[in-house]
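This report refers to the structure that appears directly beneath it.
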Amino acid sequence: MSGLSRSIHLTVHIHKDPAAMAERAAHILAAASEEAIAERGVFRIAFSGGNTPIPLFRLLAGKDWSDRLPWEKMAIFWVDERCVGPDHPDSNYGLVRRELLNHVPATHFYRMRGDAEPVQAAAKYEEQIRNEFALGPADLPRFDFILLGMGEDGHTGSIFSKSPALAEKKRLVIDQYVPERKGDRITLTLPVINNARCCMFLVTGEEKHRVLSQALNLLADPTLPAQMVRPSFGDLIWVVDEAAAKGIDTSH
């Protein structure tokens with residue numbers, strides 16, 4: 001089991017509700033951005049969409065937080081995107097724009113072109129990442145921070161249990177048709193995610209407790225996509241609410 005050949009720095013924060021989770025996540029994100037800018041002058045982050053991060057986005061966009069992050073020194077990317085236009089209700093970019101970017105002075109952001117032909121959109125996004133990170137042909141980008149969620153089926157980003165993305169080793173971004181969602185998606189691949197300095201999951205809801213327990217078992221062979229997020233040289237942080245945590249086995 002290659003996953004046991006190195007140490008994974010795993011931290012789990014359990015909070016009463018999504019509002020408390022957002023506060024914790026905001027402080028973790030702020031500390032990561034401060035460290036990244038002090039060391040490298042830029043904070044490169046990839047956001048996920050969905051309903052779970054909305055409390056965090058709204059907190060960061062509010063008066064208490066909007067001036068606490070170095071937005072002008074942040075390069076904002078996306079983990080995945082549905083193949084729809086930016087104004088479509090299902091657009092991950094559109095969600096982050098509405099809930100966060102429209103309210104803060106962020107100027108450097110790179111959206112996945114969900115409204116373009118999927119194969120071309122994935123190739124274009126990989127090219128953008130390679131340019132932004134000044135990568136060689138075989139290099140992986142090293143994001144400072146990747147924000148993730150997890151579905152009831154254990155998927156993360158747009159990587160599902162039978163996804164071609166699970167076996168992808170070379171490409172940074174892939175396009176794929178997702179039968180479970182009856183639509184095309186674009187997503188970062190696991191090698192990119194696992195090369196990040198920090199991956200942080202936000203998980204809420206009692207319906208997630210079964211897969212959360214499985215995903216947190218780093219000693220088992222990973223079968224869920226979320227369980228395959230194991231940063232090679234970075235931190236793995238889970239911020240969950242009490243409802244989702246009810247299934248966590250703390251006996252060992």
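Naming scheme: A, B, ... for chains in displayed order of the structure tokens; residues 1 onward per chain; ligands 1 onward as shown.
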
Among stretch 34-188 of chain A, which ones does DSSP assign to strand (DSSP E) (computed from the backbone)? Answer as a VMD selection string. chain A and resid 43 to 47 74 to 78 80 to 82 108 to 109 145 to 148 173 to 178 183 to 188

Please identify every residue of stretch 187-240 of chain A that has at least one atom no farther than 12 Å from an atom of stretch 40-64 of chain A, counting only C-alpha atoms, and for each give the shortest atom pair and the distance in Å to one decimal, arranged by chain then increasing number, as CSV.
```
residue,atom,partner,partner_atom,distance
A:Thr187,CA,A:Ser48,CA,10.1
A:Leu188,CA,A:Ala46,CA,9.5
A:Val192,CA,A:Ala46,CA,10.8
A:Ile193,CA,A:Ala46,CA,9.4
A:Ala196,CA,A:Ile45,CA,9.4
A:Arg197,CA,A:Ile45,CA,10.1
A:Cys198,CA,A:Ile45,CA,9.5
A:Cys199,CA,A:Ala46,CA,9.6
A:Met200,CA,A:Phe47,CA,10.2
A:Phe201,CA,A:Pro53,CA,9.5
A:Leu202,CA,A:Thr52,CA,6.7
A:Val203,CA,A:Thr52,CA,6.8
A:Thr204,CA,A:Thr52,CA,6.7
A:Gly205,CA,A:Thr52,CA,9.4
A:Lys208,CA,A:Thr52,CA,11.8
A:Val239,CA,A:Pro53,CA,10.8
A:Val240,CA,A:Thr52,CA,10.1
```

Print the selection's residues with N, CA and C atoms to a file, as a tab-separated table (two decimals), in the first residue's frame.
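Writing done, so here's selection.tsv:
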```tsv
chain	number	residue	atom	x	y	z
A	187	THR	N	-12.36	18.87	-14.81
A	187	THR	CA	-11.87	18.76	-13.43
A	187	THR	C	-10.35	18.68	-13.37
A	188	LEU	N	-9.78	19.22	-12.30
A	188	LEU	CA	-8.39	18.94	-11.97
A	188	LEU	C	-8.25	17.46	-11.69
A	192	VAL	N	-2.68	16.54	-9.46
A	192	VAL	CA	-2.64	17.97	-9.18
A	192	VAL	C	-3.12	18.24	-7.76
A	193	ILE	N	-4.24	17.65	-7.41
A	193	ILE	CA	-4.82	17.86	-6.08
A	193	ILE	C	-3.84	17.39	-5.00
A	196	ALA	N	-0.81	19.61	-3.80
A	196	ALA	CA	-1.07	20.89	-3.14
A	196	ALA	C	-0.42	20.94	-1.76
A	197	ARG	N	-0.14	22.16	-1.32
A	197	ARG	CA	0.40	22.34	0.03
A	197	ARG	C	-0.67	22.09	1.09
A	198	CYS	N	-1.93	22.34	0.74
A	198	CYS	CA	-3.02	22.09	1.68
A	198	CYS	C	-4.30	21.79	0.90
A	199	CYS	N	-4.95	20.70	1.28
A	199	CYS	CA	-6.28	20.38	0.77
A	199	CYS	C	-7.25	20.44	1.96
A	200	MET	N	-8.31	21.22	1.81
A	200	MET	CA	-9.28	21.33	2.90
A	200	MET	C	-10.67	20.94	2.39
A	201	PHE	N	-11.24	19.93	3.02
A	201	PHE	CA	-12.60	19.50	2.74
A	201	PHE	C	-13.58	20.22	3.67
A	202	LEU	N	-14.70	20.64	3.13
A	202	LEU	CA	-15.84	21.10	3.93
A	202	LEU	C	-16.98	20.10	3.71
A	203	VAL	N	-17.50	19.55	4.80
A	203	VAL	CA	-18.54	18.52	4.69
A	203	VAL	C	-19.62	18.79	5.72
A	204	THR	N	-20.87	18.82	5.27
A	204	THR	CA	-22.00	19.03	6.17
A	204	THR	C	-23.10	18.00	5.91
A	205	GLY	N	-23.89	17.74	6.93
A	205	GLY	CA	-25.09	16.94	6.76
A	205	GLY	C	-24.98	15.51	7.22
A	208	LYS	N	-23.99	12.54	5.02
A	208	LYS	CA	-22.60	12.32	4.61
A	208	LYS	C	-21.82	11.47	5.61
A	239	VAL	N	-13.00	19.94	7.69
A	239	VAL	CA	-13.81	20.78	8.56
A	239	VAL	C	-15.26	20.32	8.35
A	240	VAL	N	-15.85	19.74	9.40
A	240	VAL	CA	-17.16	19.09	9.26
A	240	VAL	C	-18.10	19.57	10.36
```

Give me the residues within 6 Å of stretch 10-20 of chain A as a PyMOL selection string, counting only C-alpha atoms and dropping any in the same chain fewer than 5 places off. chain A and resi 236-242

Name all residues at most 9 Å from A:Leu212 (count only C-alpha atoms; drop same-chain ones fewer than 3 positions away) and give them as a list of chain:residue names. A:Met150, A:Glu152, A:Gly154, A:Val203, A:Lys208, A:His209, A:Ala215, A:Leu216, A:Asn217, A:Ala226, A:Gln227, A:Ala244, A:Ala245, A:Gly247, A:Ile248

Emit the selected residues as a tab-separated table (two decimals), in the first residue's frame, including C-alpha atoms.
```
chain	number	residue	atom	x	y	z
A	150	MET	CA	-17.56	15.55	-0.90
A	152	GLU	CA	-22.89	11.41	-0.63
A	154	GLY	CA	-17.77	9.99	-2.01
A	203	VAL	CA	-18.54	18.52	4.69
A	208	LYS	CA	-22.60	12.32	4.61
A	209	HIS	CA	-21.61	10.52	7.80
A	215	ALA	CA	-12.93	8.77	3.67
A	216	LEU	CA	-11.12	9.44	6.94
A	217	ASN	CA	-9.79	5.89	7.13
A	226	ALA	CA	-12.40	11.65	-1.70
A	227	GLN	CA	-10.39	8.96	0.09
A	244	ALA	CA	-21.74	14.72	9.35
A	245	ALA	CA	-19.43	13.66	12.19
A	247	GLY	CA	-20.58	8.40	11.85
A	248	ILE	CA	-16.92	8.99	12.70
```

Check the smallest atom-to-atom distance from each of A:Glu207, A:Glu117, A:Asp184, A:Asp175 to A:Asp153 using only C-alpha atoms, then report the winner. A:Glu207

Residues at most 8 Å from A:His103, counting only C-alpha atoms, excluding those fewer than 2 positions away in the same chain, as a ChimeraX atom specification? /A:61-62,66,99-101,105

Assign secondary structure with DSSP using the backbone only, and return the residues of stretch 46-94 of chain A in helix (DSSP H, G or I) as a PyMOL selection string. chain A and resi 54-61+71-73+92-94

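A straight line drawn from atom CA of A:Gln176 to atom CA of A:Asp90 is 16.6 Å long.
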
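The interatomic distance for the pair atom CA of A:Gly234 and atom CA of A:Trp78 works out to 18.9 Å.
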
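With atom CA of A:Leu190 on one side and atom CA of A:Glu72 on the other, the separation reads 28.1 Å.
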
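Non-sequential neighbours of A:Cys83 (distance at most 10 Å, separation of 3 or more positions within a chain, only C-alpha atoms) are Asp80, Pro86, His88, Asp90, Ser91, Asn92, Met112, Arg113, Gly114, Asp115, Ala116, Glu117, Pro118, Ala121, Asp175, Gln176, Tyr177, Gly183, Asp184, Arg185 and Ile186 of chain A.
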